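Quick look at data.cif (mmCIF, C-alpha atoms and all ligand atoms):
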data_entry
#
loop_
_atom_site.label_atom_id
_atom_site.label_comp_id
_atom_site.auth_asym_id
_atom_site.auth_seq_id
_atom_site.Cartn_x
_atom_site.Cartn_y
_atom_site.Cartn_z
CA MET A 1 43.09 16.47 -10.33
CA THR A 2 39.90 16.13 -12.42
CA PRO A 3 37.67 19.18 -11.99
CA HIS A 4 34.42 18.36 -10.23
CA VAL A 5 30.96 18.83 -11.64
CA HIS A 6 28.29 20.31 -9.44
CA ILE A 7 24.64 19.33 -9.71
CA ARG A 8 21.42 19.74 -7.79
CA LEU A 9 19.05 16.80 -7.52
CA THR A 10 16.34 15.52 -5.22
CA VAL A 11 17.19 12.42 -3.24
CA ASN A 12 14.48 10.82 -1.12
CA ASP A 13 12.42 14.04 -1.28
CA GLU A 14 15.32 16.25 -0.19
CA ALA A 15 16.97 18.78 -2.51
CA ILE A 16 20.71 18.21 -2.48
CA ASP A 17 23.72 19.96 -4.03
CA VAL A 18 26.65 17.69 -4.66
CA ALA A 19 30.03 17.99 -6.39
CA PHE A 20 31.92 14.97 -7.71
CA ALA A 21 34.33 13.79 -10.38
CA PRO A 22 32.48 13.73 -13.73
CA TYR A 23 33.23 10.06 -14.43
CA LYS A 24 31.38 8.84 -11.33
CA THR A 25 28.29 6.70 -11.64
CA LEU A 26 25.12 7.48 -9.73
CA LEU A 27 25.95 4.48 -7.55
CA GLU A 28 29.32 6.00 -6.62
CA VAL A 29 27.83 9.42 -6.00
CA LEU A 30 25.17 7.97 -3.70
CA ARG A 31 27.59 5.86 -1.71
CA GLU A 32 30.75 7.96 -1.72
CA ASP A 33 29.51 11.55 -1.89
CA LEU A 34 26.10 11.36 -0.24
CA ASN A 35 26.88 8.59 2.24
CA LEU A 36 23.78 6.64 1.20
CA CYS A 37 25.26 3.17 1.43
CA GLY A 38 21.98 1.25 1.39
CA THR A 39 22.30 0.99 -2.38
CA LYS A 40 24.66 -1.90 -2.86
CA HIS A 41 27.72 -2.18 -4.99
CA GLY A 42 27.66 -5.52 -6.77
CA CYS A 43 28.85 -6.35 -10.27
CA GLU A 44 29.01 -2.79 -11.70
CA LEU A 45 28.03 -4.39 -15.00
CA GLY A 46 24.25 -4.19 -14.88
CA GLU A 47 23.89 -7.89 -14.11
CA CYS A 48 23.01 -8.26 -10.42
CA GLY A 49 20.41 -5.60 -9.60
CA ALA A 50 21.97 -4.78 -6.22
CA CYS A 51 22.35 -1.12 -7.16
CA ALA A 52 18.75 -0.47 -8.23
CA VAL A 53 17.22 2.93 -7.46
CA ILE A 54 14.20 4.80 -8.79
CA LEU A 55 15.02 7.71 -11.07
CA ASP A 56 12.02 9.91 -11.91
CA ASP A 57 9.60 7.05 -11.23
CA GLN A 58 11.53 4.49 -13.29
CA PRO A 59 13.72 1.78 -11.78
CA VAL A 60 17.31 1.99 -13.02
CA LEU A 61 20.60 0.30 -12.27
CA SER A 62 22.64 3.08 -10.72
CA CYS A 63 25.92 1.47 -11.76
CA LEU A 64 24.95 2.16 -15.38
CA VAL A 65 23.88 5.80 -14.90
CA LEU A 66 26.37 8.65 -14.74
CA GLY A 67 25.91 11.01 -11.83
CA VAL A 68 25.96 14.02 -14.17
CA GLU A 69 22.86 12.65 -15.92
CA CYS A 70 20.89 13.13 -12.69
CA SER A 71 20.94 16.91 -12.54
CA GLU A 72 17.49 18.26 -11.57
CA ARG A 73 16.09 14.73 -11.32
CA ARG A 74 14.48 12.73 -8.51
CA VAL A 75 16.17 9.71 -7.02
CA THR A 76 14.64 7.30 -4.52
CA THR A 77 16.96 4.90 -2.76
CA VAL A 78 16.16 2.18 -0.24
CA GLU A 79 16.70 4.78 2.51
CA GLY A 80 13.68 6.63 1.16
CA LEU A 81 11.22 3.76 1.47
CA ALA A 82 10.35 4.16 5.15
CA THR A 83 8.07 7.08 6.00
CA ASP A 84 7.55 8.79 9.36
CA GLY A 85 9.71 6.17 11.02
CA ARG A 86 7.55 3.33 9.72
CA LEU A 87 8.89 0.63 7.44
CA HIS A 88 7.48 0.40 3.94
CA PRO A 89 5.10 -2.62 3.76
CA LEU A 90 7.67 -4.37 1.54
CA GLN A 91 10.39 -3.91 4.16
CA GLN A 92 8.07 -5.37 6.77
CA THR A 93 7.04 -8.40 4.73
CA PHE A 94 10.63 -9.08 3.64
CA ALA A 95 11.61 -9.13 7.30
CA ASP A 96 8.61 -11.18 8.40
CA LEU A 97 8.81 -13.83 5.68
CA GLY A 98 12.56 -14.48 5.56
CA ALA A 99 13.03 -12.77 2.21
CA ALA A 100 16.18 -11.08 3.49
CA GLN A 101 18.92 -13.39 4.64
CA CYS A 102 22.46 -12.03 4.18
CA GLY A 103 20.67 -8.92 2.97
CA TYR A 104 23.12 -7.83 0.30
CA CYS A 105 20.60 -8.12 -2.51
CA THR A 106 17.68 -6.83 -0.44
CA PRO A 107 17.84 -3.08 -1.20
CA GLY A 108 17.80 -3.81 -4.92
CA PHE A 109 14.83 -6.17 -4.59
CA LEU A 110 12.93 -3.71 -2.39
CA VAL A 111 13.43 -0.86 -4.82
CA MET A 112 12.44 -2.92 -7.85
CA ALA A 113 9.40 -4.29 -6.04
CA LYS A 114 8.34 -0.80 -4.96
CA ALA A 115 8.60 0.40 -8.56
CA LEU A 116 6.44 -2.55 -9.60
CA LEU A 117 3.76 -1.94 -6.97
CA ASP A 118 3.72 1.79 -7.74
CA GLU A 119 2.89 0.96 -11.34
CA HIS A 120 0.83 -2.21 -10.85
CA PRO A 121 -0.71 -2.27 -7.37
CA HIS A 122 -1.96 -5.85 -7.82
CA PRO A 123 0.65 -7.74 -9.85
CA THR A 124 0.38 -11.43 -10.59
CA ARG A 125 3.13 -13.83 -9.58
CA ASP A 126 4.37 -13.81 -13.17
CA GLN A 127 4.57 -10.01 -13.20
CA ILE A 128 6.49 -10.07 -9.92
CA ARG A 129 8.82 -12.72 -11.27
CA GLU A 130 9.44 -10.72 -14.43
CA ALA A 131 9.95 -7.40 -12.62
CA LEU A 132 12.55 -8.99 -10.34
CA SER A 133 14.20 -11.11 -13.01
CA GLY A 134 17.24 -8.80 -13.17
CA ASN A 135 17.98 -9.14 -9.45
CA LEU A 136 20.20 -11.93 -8.19
CA CYS A 137 20.02 -13.51 -4.76
CA ARG A 138 22.45 -16.17 -3.58
CA CYS A 139 20.59 -17.03 -0.37
CA THR A 140 16.84 -17.30 -0.56
CA GLY A 141 15.96 -19.30 -3.64
CA TYR A 142 13.59 -16.41 -4.53
CA GLN A 143 10.41 -18.07 -3.26
CA GLN A 144 10.30 -16.04 -0.04
CA ILE A 145 10.98 -12.88 -2.00
CA PHE A 146 8.02 -13.46 -4.32
CA GLU A 147 5.83 -14.31 -1.32
CA ALA A 148 6.94 -11.15 0.51
CA VAL A 149 6.02 -8.99 -2.46
CA GLU A 150 2.62 -10.67 -2.68
CA ALA A 151 2.08 -10.14 1.04
CA ALA A 152 2.78 -6.42 0.64
CA ILE A 153 0.11 -5.97 -2.00
CA VAL A 154 -2.47 -3.60 -0.61
CA GLN A 155 -5.82 -5.26 -0.56
CA PRO A 156 -8.68 -3.12 -1.83
CA VAL A 157 -10.73 -1.71 1.02
CA THR A 158 -14.06 -3.49 1.22
CA ARG A 159 -16.73 -1.36 2.81
CA PRO A 160 -19.44 -3.04 4.85
CA ALA A 161 -22.65 -3.14 2.85
CA ARG A 162 -25.07 -0.43 3.94
CA ALA A 163 -28.41 -1.56 5.16
CA THR A 164 -31.08 -1.23 2.51
CA ALA A 165 -34.79 -1.30 2.97
CA SER A 166 -34.85 -4.99 2.12
CA THR A 167 -31.93 -5.95 4.40
CA ALA A 168 -33.26 -3.74 7.18
CA SER A 169 -36.61 -5.44 7.08
CA ALA A 170 -34.87 -8.82 7.24
CA ARG A 171 -33.53 -8.01 10.73
CA PRO A 172 -35.18 -9.93 13.54
CA VAL A 173 -37.76 -7.78 15.22
CA LYS A 174 -37.73 -7.78 18.98
CA ALA A 175 -41.01 -8.97 20.29
CA ARG A 176 -42.84 -6.47 22.45
CA SER A 177 -43.76 -7.61 25.85
S1 LIG B 201 26.06 -3.34 -9.30
FE1 LIG B 201 24.65 -2.55 -10.74
S2 LIG B 201 23.72 -4.30 -11.62
FE2 LIG B 201 25.25 -5.11 -10.32
S1 LIG B 202 19.66 -12.52 0.85
FE1 LIG B 202 21.76 -12.96 0.48
S2 LIG B 202 22.07 -12.54 -1.62
FE2 LIG B 202 19.93 -12.32 -1.32
#

Structure re-expressed in structure tokens:
Amino acid sequence: MTPHVHIRLTVNDEAIDVAFAPYKTLLEVLREDLNLCGTKHGCELGECGACAVILDDQPVLSCLVLGVECSERRVTTVEGLATDGRLHPLQQTFADLGAAQCGYCTPGFLVMAKALLDEHPHPTRDQIREALSGNLCRCTGYQQIFEAVEAAIVQPVTRPARATASTASARPVKARS
């Protein structure tokens, strides 16, 4: 039997110790040793994007990363997107706009889109298209996915203009009786 390697890493903000066969990919470690099966197992060749996770703030294809390379690193999987029991805005807009149909590709798209929005909070359609160009979907035709990412873009908060002397004086004055 192949001796196991033992590493410590942070997955979805939780420090975890895990032991596994040294040839395993991060994808296999997540699914088989940590029971985090949201990350999907597609081509295992780096061509479908289903296995995307965020490794130290960078999106990666977990089928192309060895588990042993992740010692003392931070991994975010699709399970880590929701906070305090609330869906991430991307999860909500994907659900609302029909961007998830069979759902097999969805975790990979969500993770790649989150990485994009973390880096570029207001991406253009072309930037969204490019960021997701490595993810394959057999169901949606992609349009709903792009629209869902756009719908999740946080709009800048616009504060109501404060009354100035000139605007205040423009208010109608109540006539005295
Ligand atoms: S399973 Fe990793 S890119 Fe397809
Ligand atoms: S929703 Fe089915 S493959 Fe994308």

Quiz item: Could you state the separation of CA of Gly67 in chain A and CA of Thr25 in chain A in Å, given to one decimal place?
Solution: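 Pair CA of Gly67 in chain A / CA of Thr25 in chain A returns 4.9 Å.
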
Query raised in the report: So which residues are near ligand LIG 201 (chain B), meaning at most 6 Å away with only C-alpha atoms and all ligand atoms counted, given back as a list in words?
Result: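 Every residue with an atom at most 6 Å from ligand LIG 201 (chain B) is listed here: His41, Gly42, Cys43, Glu44, Leu45, Gly46, Glu47, Cys48, Gly49, Ala50, Cys51, Leu61, Ser62 and Cys63 of chain A.
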
Check your understanding: Which is closest to ligand LIG 202 (chain B) among A:Gln91, A:Thr83, A:Thr10, A:Thr140, if we use only C-alpha atoms and all ligand atoms?
Key ->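 Among the listed residues, the smallest separation from ligand LIG 202 (chain B) belongs to A:Thr140.
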
To check your reading of the model: which residues sit at most 7 Å from ligand LIG 202 (chain B) when counting all atoms listed in the file? Write the answer as a list in words.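 Those within range of ligand LIG 202 (chain B) are Ala99, Ala100, Gln101, Cys102, Gly103, Tyr104, Cys105, Thr106, Leu136, Cys137, Arg138, Cys139 and Thr140 of chain A.
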
Hey, what's within 8 Å of Arg73 in chain A if we count only C-alpha atoms and toss same-chain stuff fewer than 6 positions away? As a PDB file with C-alpha atoms, in the frame of the given file, please?
ATOM      1  CA  LEU A   9      19.050  16.800  -7.520  1.00  0.00           C
ATOM      2  CA  THR A  10      16.340  15.520  -5.220  1.00  0.00           C
ATOM      3  CA  LEU A  55      15.020   7.710 -11.070  1.00  0.00           C
ATOM      4  CA  ASP A  56      12.020   9.910 -11.910  1.00  0.00           C
TER       5      ASP A  56
END

Suppose you want the space between CA of Tyr23 in chain A and CA of Gly80 in chain A; what is it in Å?
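Computed distance, CA of Tyr23 in chain A to CA of Gly80 in chain A, equals 25.2 Å.
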